[in-house]
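Pasting my_file-v6.csv here (CSV, C-alpha atoms):
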```csv
chain,number,residue,atom,x,y,z
A,1211,MET,CA,0.4,-14.4,8.2
A,1212,ASN,CA,3.1,-17.0,8.0
A,1213,VAL,CA,6.0,-16.7,10.3
A,1214,GLU,CA,8.4,-18.0,7.6
A,1215,PHE,CA,7.9,-14.7,5.8
A,1216,LEU,CA,9.6,-12.9,8.7
A,1217,ASN,CA,13.2,-14.2,8.5
A,1218,PRO,CA,13.8,-12.9,4.9
A,1219,PHE,CA,12.8,-9.4,6.1
A,1220,VAL,CA,15.0,-9.6,9.2
A,1221,GLU,CA,18.0,-10.9,7.2
A,1222,ALA,CA,17.4,-8.3,4.4
A,1223,ALA,CA,17.3,-5.5,7.0
A,1224,ARG,CA,20.5,-6.7,8.5
A,1225,ASP,CA,22.3,-6.8,5.2
A,1226,VAL,CA,20.9,-3.4,4.0
A,1227,PHE,CA,21.6,-1.6,7.3
A,1228,LEU,CA,25.2,-2.9,7.3
A,1229,ALA,CA,25.7,-1.9,3.6
A,1230,GLU,CA,23.9,1.5,3.7
A,1231,THR,CA,24.6,2.8,7.3
A,1232,LYS,CA,27.3,0.5,8.6
A,1233,LEU,CA,25.0,-0.3,11.5
A,1234,GLU,CA,24.4,-3.7,13.1
A,1235,VAL,CA,20.8,-4.4,13.8
A,1236,THR,CA,19.3,-6.9,16.2
A,1237,ARG,CA,15.7,-7.9,16.4
A,1238,GLY,CA,13.5,-7.4,19.4
A,1239,ALA,CA,10.5,-9.4,20.5
A,1240,ILE,CA,8.1,-10.6,17.8
A,1241,ARG,CA,4.4,-9.8,18.3
A,1242,LEU,CA,1.4,-11.1,16.4
A,1243,GLU,CA,-1.3,-8.4,16.1
A,1244,ALA,CA,-4.7,-8.3,14.7
A,1245,SER,CA,-6.1,-4.9,15.5
A,1246,ALA,CA,-5.3,-1.4,14.2
A,1247,PHE,CA,-2.2,0.2,15.6
A,1248,THR,CA,-1.1,3.8,16.2
A,1249,ALA,CA,1.5,4.8,13.6
A,1250,ASP,CA,5.0,6.0,14.4
A,1251,GLU,CA,5.9,9.5,13.3
A,1252,VAL,CA,7.2,8.2,9.9
A,1253,THR,CA,5.9,5.1,8.2
A,1254,VAL,CA,7.1,3.7,4.8
A,1255,LEU,CA,4.4,1.5,3.2
A,1256,ILE,CA,5.2,-1.0,0.4
A,1257,SER,CA,2.8,-3.4,-1.2
A,1258,LEU,CA,3.6,-6.9,-2.4
A,1259,VAL,CA,1.7,-8.9,-5.0
A,1260,GLY,CA,2.4,-12.3,-6.3
A,1261,GLU,CA,2.6,-15.7,-4.6
A,1262,VAL,CA,2.9,-13.9,-1.4
A,1263,ARG,CA,0.9,-10.7,-1.1
A,1264,GLY,CA,0.1,-8.0,1.4
A,1265,VAL,CA,1.6,-4.9,2.9
A,1266,VAL,CA,5.0,-4.1,4.6
A,1267,LEU,CA,5.2,-1.2,6.9
A,1268,PHE,CA,8.4,0.3,8.4
A,1269,GLY,CA,7.7,2.7,11.3
A,1270,LEU,CA,10.2,5.0,13.1
A,1271,SER,CA,10.4,8.2,14.9
A,1272,GLU,CA,11.4,11.4,13.0
A,1273,ALA,CA,14.6,11.7,15.0
A,1274,THR,CA,15.7,8.1,14.2
A,1275,CYS,CA,14.7,8.7,10.6
A,1276,LEU,CA,16.8,11.9,10.3
A,1277,ALA,CA,19.8,10.2,11.9
A,1278,LEU,CA,19.5,7.2,9.6
A,1279,VAL,CA,19.3,9.2,6.4
A,1280,GLY,CA,22.1,11.4,7.7
A,1281,ARG,CA,24.3,8.3,8.0
A,1282,MET,CA,23.2,7.0,4.6
A,1283,MET,CA,24.0,10.2,2.8
A,1284,SER,CA,26.8,11.4,5.0
A,1285,GLN,CA,25.2,14.8,5.7
A,1286,ALA,CA,23.2,16.2,8.6
A,1287,PHE,CA,19.5,16.5,8.1
A,1288,GLU,CA,17.6,19.0,10.3
A,1289,THR,CA,14.2,18.5,8.8
A,1290,LEU,CA,12.5,15.7,6.9
A,1291,ASP,CA,12.8,17.4,3.6
A,1292,PRO,CA,12.1,15.7,0.3
A,1293,LEU,CA,15.6,14.4,0.0
A,1294,ALA,CA,15.4,12.8,3.5
A,1295,GLN,CA,12.0,11.5,2.7
A,1296,SER,CA,13.1,9.8,-0.5
A,1297,GLY,CA,16.1,8.4,1.5
A,1298,ILE,CA,14.0,6.7,4.1
A,1299,ALA,CA,11.5,5.5,1.5
A,1300,GLU,CA,14.4,4.1,-0.5
A,1301,LEU,CA,15.8,2.3,2.5
A,1302,GLY,CA,12.4,0.6,2.9
A,1303,ASN,CA,12.3,-0.1,-0.8
A,1304,VAL,CA,15.7,-1.8,-0.9
A,1305,ILE,CA,15.0,-3.9,2.3
A,1306,THR,CA,11.7,-5.0,0.8
A,1307,GLY,CA,13.2,-5.7,-2.6
A,1308,ARG,CA,16.0,-7.8,-1.0
A,1309,ALA,CA,13.5,-9.7,1.2
A,1310,SER,CA,11.4,-10.4,-1.9
A,1311,VAL,CA,14.4,-12.0,-3.6
A,1312,LYS,CA,14.9,-14.2,-0.5
A,1313,LEU,CA,11.2,-15.0,-0.5
A,1314,SER,CA,11.4,-16.0,-4.2
A,1315,GLU,CA,14.2,-18.4,-3.4
A,1316,ALA,CA,12.0,-19.9,-0.7
A,1317,GLY,CA,9.3,-20.4,-3.3
A,1318,PHE,CA,7.2,-17.3,-2.9
A,1319,ALA,CA,7.7,-15.0,-5.9
A,1320,SER,CA,6.5,-11.5,-5.6
A,1321,ASN,CA,6.8,-8.0,-7.0
A,1322,ILE,CA,6.8,-4.9,-4.9
A,1323,SER,CA,5.1,-1.5,-5.4
A,1324,PRO,CA,6.7,1.9,-5.2
A,1325,PRO,CA,6.9,3.1,-1.6
A,1326,THR,CA,4.5,5.7,0.0
A,1327,LEU,CA,5.5,7.7,3.0
A,1328,ILE,CA,3.0,8.4,5.8
A,1329,ARG,CA,3.8,11.1,8.4
A,1330,GLY,CA,1.8,11.9,11.4
A,1331,SER,CA,1.8,10.1,14.7
A,1332,GLY,CA,-1.5,9.6,16.2
A,1333,VAL,CA,-3.1,8.2,13.0
A,1334,THR,CA,-4.2,4.6,13.2
A,1335,LEU,CA,-3.3,2.1,10.5
A,1336,SER,CA,-5.3,-1.1,10.0
A,1337,THR,CA,-4.4,-4.0,7.8
A,1338,LEU,CA,-8.0,-5.2,8.3
A,1339,GLU,CA,-8.3,-9.0,8.2
A,1340,PHE,CA,-4.6,-9.5,7.6
A,1341,LYS,CA,-2.9,-10.2,10.9
A,1342,ARG,CA,0.5,-8.5,11.3
A,1343,ILE,CA,3.8,-9.8,12.6
A,1344,SER,CA,5.5,-6.8,14.2
A,1345,VAL,CA,9.2,-6.8,15.2
A,1346,PRO,CA,11.4,-4.0,16.3
A,1347,LEU,CA,14.8,-3.8,14.6
A,1348,ILE,CA,17.2,-2.2,17.1
A,1349,ASN,CA,20.5,-0.4,16.3
A,1350,GLU,CA,22.5,2.1,18.2
A,1351,ILE,CA,20.6,5.0,16.6
A,1352,GLY,CA,17.1,3.9,17.4
A,1353,GLU,CA,14.4,1.4,16.6
A,1354,ILE,CA,12.5,0.7,13.4
A,1355,ASN,CA,9.3,-1.2,13.8
A,1356,VAL,CA,8.7,-3.6,10.9
A,1357,HIS,CA,5.1,-4.7,10.4
A,1358,LEU,CA,4.4,-7.5,8.0
A,1359,ALA,CA,0.8,-8.2,6.9
A,1360,LEU,CA,1.4,-10.9,4.3
A,1361,GLU,CA,-0.4,-14.0,3.1
A,1362,GLN,CA,0.3,-16.7,0.7
A,1363,SER,CA,-1.9,-16.1,-2.3
A,1364,PRO,CA,-4.5,-18.8,-2.9
A,1365,VAL,CA,-2.9,-21.1,-5.5
A,1366,ASP,CA,-5.5,-20.6,-8.2
A,1367,ARG,CA,-5.5,-16.9,-8.0
A,1368,GLN,CA,-1.9,-15.8,-7.9
A,1369,GLY,CA,-1.5,-12.6,-9.7
A,1370,GLU,CA,-5.2,-12.3,-10.4
A,1371,ASN,CA,-7.4,-9.6,-8.8
A,1372,HIS,CA,-10.0,-11.1,-6.6
A,1373,ILE,CA,-13.1,-9.1,-6.8
A,1374,PRO,CA,-15.2,-10.5,-4.0
A,1375,ILE,CA,-18.5,-8.7,-3.6
A,1376,LEU,CA,-19.9,-7.7,-7.0
A,1377,ASP,CA,-20.4,-9.8,-10.1
A,1378,PHE,CA,-21.3,-7.4,-12.9
A,1379,ASP,CA,-21.0,-10.0,-15.7
A,1380,SER,CA,-22.4,-13.4,-15.0
A,1381,ASP,CA,-19.8,-15.1,-17.3
A,1382,LYS,CA,-16.8,-13.5,-15.6
A,1383,ASP,CA,-15.7,-14.0,-12.0
A,1384,GLY,CA,-13.8,-10.8,-11.9
A,1385,ALA,CA,-10.4,-12.3,-12.6
A,1386,VAL,CA,-8.0,-10.3,-14.8
A,1387,PRO,CA,-7.5,-12.4,-18.0
B,1022,MET,CA,0.6,10.1,-14.1
B,1023,ASN,CA,-1.0,9.5,-17.4
B,1024,VAL,CA,-4.5,10.8,-17.8
B,1025,LYS,CA,-5.6,7.7,-19.8
B,1026,PHE,CA,-5.4,5.9,-16.5
B,1027,LEU,CA,-8.1,8.2,-15.2
B,1028,ASN,CA,-11.2,7.1,-17.1
B,1029,PRO,CA,-11.2,3.5,-16.0
B,1030,PHE,CA,-11.3,4.8,-12.4
B,1031,ILE,CA,-14.0,7.3,-13.0
B,1032,ASP,CA,-16.2,4.7,-14.8
B,1033,ALA,CA,-15.4,2.2,-12.0
B,1034,VAL,CA,-16.5,4.7,-9.3
B,1035,TYR,CA,-19.7,5.5,-11.0
B,1036,GLU,CA,-20.6,1.9,-11.6
B,1037,VAL,CA,-19.6,0.6,-8.1
B,1038,LEU,CA,-21.2,3.4,-6.1
B,1039,GLU,CA,-24.4,3.0,-8.2
B,1040,ALA,CA,-24.5,-0.8,-7.6
B,1041,GLU,CA,-23.4,-0.9,-4.0
B,1042,THR,CA,-24.9,2.3,-2.6
B,1043,SER,CA,-27.4,3.4,-5.2
B,1044,LEU,CA,-25.6,6.7,-5.3
B,1045,GLN,CA,-24.9,9.0,-8.3
B,1046,VAL,CA,-21.6,10.8,-8.1
B,1047,GLN,CA,-20.4,13.8,-9.9
B,1048,ARG,CA,-16.8,14.5,-10.5
B,1049,GLY,CA,-15.3,17.9,-9.8
B,1050,SER,CA,-12.3,19.6,-11.4
B,1051,LEU,CA,-9.1,17.5,-11.6
B,1052,SER,CA,-5.8,18.7,-10.3
B,1053,LEU,CA,-2.3,17.3,-10.3
B,1054,GLU,CA,-0.5,17.5,-7.0
B,1055,THR,CA,3.1,16.9,-6.0
B,1056,ASP,CA,2.8,18.0,-2.4
B,1057,PRO,CA,1.9,15.3,0.1
B,1058,TYR,CA,-1.8,14.4,0.5
B,1059,LEU,CA,-3.2,15.8,3.7
B,1060,THR,CA,-5.4,13.0,5.0
B,1061,GLN,CA,-9.1,13.2,5.8
B,1062,ASP,CA,-10.7,11.2,8.6
B,1063,VAL,CA,-10.6,7.9,6.6
B,1064,THR,CA,-8.2,6.9,3.8
B,1065,VAL,CA,-8.1,3.6,2.0
B,1066,VAL,CA,-4.7,2.9,0.4
B,1067,ILE,CA,-4.3,0.3,-2.3
B,1068,GLY,CA,-1.1,-0.5,-4.1
B,1069,MET,CA,-0.9,-1.5,-7.8
B,1070,VAL,CA,1.9,-3.5,-9.3
B,1071,GLY,CA,2.4,-4.4,-12.9
B,1072,GLN,CA,2.4,-2.5,-16.2
B,1073,ILE,CA,0.9,0.2,-14.2
B,1074,GLU,CA,2.2,0.8,-10.7
B,1075,GLY,CA,1.7,3.1,-7.8
B,1076,SER,CA,-0.9,3.8,-5.2
B,1077,VAL,CA,-4.6,4.8,-5.1
B,1078,PHE,CA,-6.1,6.6,-2.1
B,1079,TYR,CA,-9.7,7.1,-1.3
B,1080,GLY,CA,-10.2,9.8,1.2
B,1081,MET,CA,-13.4,10.9,3.0
B,1082,SER,CA,-14.8,12.2,6.3
B,1083,TYR,CA,-16.2,9.9,9.0
B,1084,THR,CA,-19.7,11.1,8.1
B,1085,MET,CA,-19.3,10.1,4.5
B,1086,ALA,CA,-17.8,6.8,5.3
B,1087,LEU,CA,-20.6,5.9,7.7
B,1088,ASN,CA,-23.2,7.1,5.1
B,1089,LEU,CA,-21.6,4.8,2.5
B,1090,VAL,CA,-21.4,1.8,4.8
B,1091,SER,CA,-25.0,2.3,6.0
B,1092,ARG,CA,-26.2,2.3,2.4
B,1093,MET,CA,-24.1,-0.7,1.5
B,1094,MET,CA,-25.3,-2.8,4.5
B,1095,GLY,CA,-28.9,-1.5,4.5
B,1096,GLU,CA,-28.7,-0.4,8.1
B,1097,ALA,CA,-27.7,2.7,9.9
B,1098,TYR,CA,-24.1,2.8,11.2
B,1099,GLU,CA,-23.2,5.3,13.9
B,1100,TYR,CA,-19.7,4.2,14.8
B,1101,PHE,CA,-16.8,3.5,12.5
B,1102,ASP,CA,-16.3,0.1,14.0
B,1103,THR,CA,-14.3,-2.8,12.5
B,1104,LEU,CA,-17.2,-3.9,10.3
B,1105,ALA,CA,-17.6,-0.4,8.9
B,1106,GLN,CA,-13.8,-0.2,8.4
B,1107,SER,CA,-13.7,-3.4,6.5
B,1108,GLY,CA,-16.8,-2.2,4.5
B,1109,ILE,CA,-15.1,1.0,3.4
B,1110,ALA,CA,-11.8,-0.8,2.6
B,1111,GLU,CA,-13.7,-3.4,0.6
B,1112,LEU,CA,-15.5,-0.6,-1.3
B,1113,GLY,CA,-12.1,0.8,-2.3
B,1114,ASN,CA,-10.9,-2.7,-3.2
B,1115,VAL,CA,-13.9,-3.3,-5.5
B,1116,ILE,CA,-13.6,0.1,-7.2
B,1117,THR,CA,-9.9,-0.4,-7.8
B,1118,GLY,CA,-10.5,-3.9,-8.9
B,1119,ARG,CA,-13.1,-2.9,-11.4
B,1120,ALA,CA,-10.8,-0.1,-12.7
B,1121,SER,CA,-8.0,-2.7,-13.1
B,1122,ILE,CA,-10.2,-4.9,-15.3
B,1123,LYS,CA,-10.9,-1.9,-17.5
B,1124,LEU,CA,-7.2,-1.0,-17.6
B,1125,ALA,CA,-6.3,-4.6,-18.5
B,1126,ASP,CA,-8.8,-4.4,-21.4
B,1127,SER,CA,-6.8,-1.4,-22.6
B,1128,GLY,CA,-3.6,-3.4,-22.3
B,1129,TYR,CA,-2.4,-2.4,-18.9
B,1130,GLU,CA,-2.2,-5.4,-16.6
B,1131,ALA,CA,-1.8,-4.8,-12.9
B,1132,THR,CA,-2.4,-6.6,-9.7
B,1133,LEU,CA,-3.8,-5.0,-6.6
B,1134,SER,CA,-2.4,-5.3,-3.1
B,1135,PRO,CA,-4.8,-5.8,-0.2
B,1136,PRO,CA,-6.1,-2.4,1.2
B,1137,THR,CA,-4.7,-0.6,4.2
B,1138,LEU,CA,-7.0,1.7,6.2
B,1139,ILE,CA,-5.7,4.9,7.7
B,1140,GLU,CA,-7.8,6.8,10.2
B,1141,GLY,CA,-6.9,10.3,11.4
B,1142,ALA,CA,-7.0,13.6,9.6
B,1143,ASP,CA,-4.1,15.9,9.0
B,1144,ALA,CA,-1.4,13.3,8.6
B,1145,THR,CA,0.4,13.4,5.3
B,1146,ILE,CA,0.9,10.7,2.7
B,1147,SER,CA,3.6,11.3,0.2
B,1148,THR,CA,3.9,9.4,-3.1
B,1149,LEU,CA,7.5,10.9,-3.4
B,1150,ASP,CA,8.4,11.4,-7.1
B,1151,ASN,CA,5.0,10.1,-8.3
B,1152,PRO,CA,2.6,13.1,-8.7
B,1153,ARG,CA,-1.1,12.5,-7.9
B,1154,LEU,CA,-4.1,13.1,-10.0
B,1155,VAL,CA,-6.7,14.3,-7.6
B,1156,VAL,CA,-10.4,13.6,-8.4
B,1157,PRO,CA,-13.0,15.2,-6.2
B,1158,LEU,CA,-16.4,13.4,-6.2
B,1159,THR,CA,-19.6,14.8,-4.8
B,1160,SER,CA,-22.9,13.0,-4.0
B,1161,GLU,CA,-26.0,13.7,-2.1
B,1162,VAL,CA,-24.6,12.1,1.0
B,1163,GLY,CA,-21.2,13.6,1.0
B,1164,ASP,CA,-17.9,14.0,-0.8
B,1165,MET,CA,-15.0,11.7,-1.5
B,1166,VAL,CA,-11.6,12.3,-3.1
B,1167,ILE,CA,-9.7,9.8,-5.1
B,1168,HIS,CA,-5.9,10.2,-5.5
B,1169,LEU,CA,-4.2,8.3,-8.3
B,1170,ALA,CA,-0.4,8.2,-8.2
B,1171,LEU,CA,0.1,5.7,-11.0
B,1172,ARG,CA,2.8,5.4,-13.7
B,1173,GLU,CA,3.4,3.1,-16.6
B,1174,ARG,CA,6.2,0.7,-16.2
B,1175,THR,CA,7.8,0.5,-19.6
B,1176,ASN,CA,9.6,-2.7,-19.0
B,1177,PHE,CA,7.5,-5.0,-16.8
B,1178,SER,CA,10.0,-7.6,-15.8
B,1179,LEU,CA,11.7,-8.3,-12.5
B,1180,SER,CA,13.4,-5.2,-11.3
B,1181,THR,CA,17.1,-5.2,-10.4
B,1182,PRO,CA,16.8,-5.9,-6.6
B,1183,GLN,CA,14.6,-8.9,-7.5
B,1184,ILE,CA,16.7,-10.7,-10.0
B,1185,GLU,CA,17.7,-14.0,-8.6
B,1186,THR,CA,21.3,-15.0,-8.6
B,1187,PRO,CA,21.6,-18.3,-10.5
B,1188,ALA,CA,22.5,-21.2,-8.4
B,1189,ALA,CA,26.0,-22.6,-9.2
B,1190,PRO,CA,25.8,-25.9,-11.1
B,1191,SER,CA,26.8,-28.9,-9.2
B,1192,LEU,CA,30.2,-30.4,-10.1
B,1193,LEU,CA,29.2,-33.8,-8.9
```
Turn this file's structure into structure tokens for me.
Amino acid sequence: MNVEFLNPFVEAARDVFLAETKLEVTRGAIRLEASAFTADEVTVLISLVGEVRGVVLFGLSEATCLALVGRMMSQAFETLDPLAQSGIAELGNVITGRASVKLSEAGFASNISPPTLIRGSGVTLSTLEFKRISVPLINEIGEINVHLALEQSPVDRQGENHIPILDFDSDKDGAVP
Amino acid sequence: MNVKFLNPFIDAVYEVLEAETSLQVQRGSLSLETDPYLTQDVTVVIGMVGQIEGSVFYGMSYTMALNLVSRMMGEAYEYFDTLAQSGIAELGNVITGRASIKLADSGYEATLSPPTLIEGADATISTLDNPRLVVPLTSEVGDMVIHLALRERTNFSLSTPQIETPAAPSLL
């Protein structure tokens, strides 16, 4: 996990929060973590593939989530209904998309997956051998925990799928042609 | 979710479980779900990006996960420790990777993200407006479910948020 991947996300979050919710965000203390962590009530998960690859997770409480989407859409949300869910997922999507543009400009091109939304505090999430950089983004409504488990793809395998264990065909190394 | 994405995953699961764990699996009836997935004890999540994009989930109980890992490693595992976790995640990775090779042979190129492991039953994972094809699998050591929330990307090029703004040419 390369710390230079962090700033694009913090800057992207600042830009997007200002544009979508008119909120200023500041970042809290950065932590480097290796083990599994207990998820927040709501987590948006987005994958990156390309010259930088891995997983980005945005975790927040349900209350903060409802308040944020309420501000984004200028209506009050009592429950995390499908519209609110798609709102928070879209927020994560736009932040990650914007960060991936900045990462491209820094020389790390990538593409992002559609978001998935995980709900249920008390579950544990593990990014396995990928260490995570975690940073809270603080604004007047609440905090969003951003977790980045990203690595620079090995130069000769960018965009290819690395199939490590098995080798069904002796003449292929598992790379997608 | 296009059903033609299904067979590469079914074939990949059969082949990989046979090779890694010497298990035969049978597939149960398929269903298409739009409600969020209610997690089992262990879920592996893998994202795919490319001409096909979306997520693949592999869900199973702790018992099944430990049985699979024990078979893969050739020794009995009683606790779902970090080695077992990475074994199960890797199994999901290899199955998805093998499926992606078959999909590429059919003309659908996609790249996998690294796996994420979620532990804890009764959480929900929503794939939002992407419905999931749910594939139950049974074997003599337990059951597993695969969820495929995949869609074809008709124009695989950089999407709007990712288009770079061209640098202004220098006047000097």
Can you check which residues of chain B have any atom within 9 Å of chain A? Use all atoms listed in the file and format it as a tab-separated table (two decimals) with C-alpha atoms, in the frame of the given file.
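Okay, this is what ended up in part_4.tsv:
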```tsv
chain	number	residue	atom	x	y	z
B	1037	VAL	CA	-19.60	0.60	-8.10
B	1040	ALA	CA	-24.50	-0.80	-7.60
B	1041	GLU	CA	-23.40	-0.90	-4.00
B	1057	PRO	CA	1.90	15.30	0.10
B	1067	ILE	CA	-4.30	0.30	-2.30
B	1068	GLY	CA	-1.10	-0.50	-4.10
B	1069	MET	CA	-0.90	-1.50	-7.80
B	1070	VAL	CA	1.90	-3.50	-9.30
B	1071	GLY	CA	2.40	-4.40	-12.90
B	1074	GLU	CA	2.20	0.80	-10.70
B	1075	GLY	CA	1.70	3.10	-7.80
B	1076	SER	CA	-0.90	3.80	-5.20
B	1103	THR	CA	-14.30	-2.80	12.50
B	1106	GLN	CA	-13.80	-0.20	8.40
B	1107	SER	CA	-13.70	-3.40	6.50
B	1110	ALA	CA	-11.80	-0.80	2.60
B	1111	GLU	CA	-13.70	-3.40	0.60
B	1112	LEU	CA	-15.50	-0.60	-1.30
B	1114	ASN	CA	-10.90	-2.70	-3.20
B	1115	VAL	CA	-13.90	-3.30	-5.50
B	1118	GLY	CA	-10.50	-3.90	-8.90
B	1119	ARG	CA	-13.10	-2.90	-11.40
B	1121	SER	CA	-8.00	-2.70	-13.10
B	1122	ILE	CA	-10.20	-4.90	-15.30
B	1125	ALA	CA	-6.30	-4.60	-18.50
B	1126	ASP	CA	-8.80	-4.40	-21.40
B	1130	GLU	CA	-2.20	-5.40	-16.60
B	1131	ALA	CA	-1.80	-4.80	-12.90
B	1132	THR	CA	-2.40	-6.60	-9.70
B	1133	LEU	CA	-3.80	-5.00	-6.60
B	1134	SER	CA	-2.40	-5.30	-3.10
B	1135	PRO	CA	-4.80	-5.80	-0.20
B	1136	PRO	CA	-6.10	-2.40	1.20
B	1137	THR	CA	-4.70	-0.60	4.20
B	1138	LEU	CA	-7.00	1.70	6.20
B	1139	ILE	CA	-5.70	4.90	7.70
B	1140	GLU	CA	-7.80	6.80	10.20
B	1141	GLY	CA	-6.90	10.30	11.40
B	1142	ALA	CA	-7.00	13.60	9.60
B	1143	ASP	CA	-4.10	15.90	9.00
B	1144	ALA	CA	-1.40	13.30	8.60
B	1145	THR	CA	0.40	13.40	5.30
B	1146	ILE	CA	0.90	10.70	2.70
B	1147	SER	CA	3.60	11.30	0.20
B	1148	THR	CA	3.90	9.40	-3.10
B	1149	LEU	CA	7.50	10.90	-3.40
B	1150	ASP	CA	8.40	11.40	-7.10
B	1151	ASN	CA	5.00	10.10	-8.30
B	1179	LEU	CA	11.70	-8.30	-12.50
B	1180	SER	CA	13.40	-5.20	-11.30
B	1181	THR	CA	17.10	-5.20	-10.40
B	1182	PRO	CA	16.80	-5.90	-6.60
B	1183	GLN	CA	14.60	-8.90	-7.50
B	1184	ILE	CA	16.70	-10.70	-10.00
B	1185	GLU	CA	17.70	-14.00	-8.60
```
Between CA of Val1046 (chain B) and CA of Val1065 (chain B), distance in Å (one decimal):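 Separation of CA of Val1046 (chain B) and CA of Val1065 (chain B): 18.3 Å.
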Computed interatomic separation between CA of Leu1278 (chain A) and CA of Asn1217 (chain A) (Å): 22.3 Å
Å distance separating CA of Phe1101 (chain B) from CA of Gln1047 (chain B), one decimal place: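 Going from CA of Phe1101 (chain B) over to CA of Gln1047 (chain B) covers 24.9 Å.
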Pick from A:Arg1237, A:Arg1281, A:Lys1341, A:Lys1232 nearest to Ile1354 (chain A), counting all atoms listed in the file: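 Closest candidate: A:Arg1237.
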Shell around Glu1161 (chain B) at 12 Å using all atoms listed in the file, local window under 5 positions removed, as number ranges by chain: B: 1042-1047, 1085, 1088-1089
Contacts of Ala1105 (chain B) within 9 Å, all atoms listed in the file, excl. fewer than 4 positions in-chain, as number ranges by chain: B: 1086-1087, 1090-1091, 1098, 1100-1101, 1109-1110
Mind checking which residues fall within 6 Å of Ile1116 (chain B), counting all atoms listed in the file, ignoring those fewer than 3 positions away in the same chain, and posting them as a tab-separated table (two decimals) with C-alpha atoms, in the coordinates of the input?
```tsv
chain	number	residue	atom	x	y	z
B	1033	ALA	CA	-15.40	2.20	-12.00
B	1034	VAL	CA	-16.50	4.70	-9.30
B	1113	GLY	CA	-12.10	0.80	-2.30
B	1119	ARG	CA	-13.10	-2.90	-11.40
```
Assuming 6 Å of padding per side, give the centre and edge lengths of the axis-aligned box around every listed atom of region 1269-1283 of chain A, in Å to one decimal and as AutoDock Vina command-line options.
```
--center_x 16.0 --center_y 7.3 --center_z 8.9 --size_x 28.6 --size_y 21.2 --size_z 24.2
```
Ala1273 (chain A) environment, 10 Å, only C-alpha atoms, sequence neighbours closer than 6 positions dropped, as a PyMOL selection string: chain A and resi 1251-1252+1287-1290+1351-1352
Create the file for the chosen residues now, containing C-alpha atoms and written as a short mmCIF file (atom, residue, chain, number, x, y, z; two decimals), keeping the file's coordinate frame.
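And here's out07.cif as it stands now:
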```cif
data_model
loop_
_atom_site.label_atom_id
_atom_site.label_comp_id
_atom_site.auth_asym_id
_atom_site.auth_seq_id
_atom_site.Cartn_x
_atom_site.Cartn_y
_atom_site.Cartn_z
CA GLU A 1251 5.90 9.50 13.30
CA VAL A 1252 7.20 8.20 9.90
CA PHE A 1287 19.50 16.50 8.10
CA GLU A 1288 17.60 19.00 10.30
CA THR A 1289 14.20 18.50 8.80
CA LEU A 1290 12.50 15.70 6.90
CA ILE A 1351 20.60 5.00 16.60
CA GLY A 1352 17.10 3.90 17.40
#
```
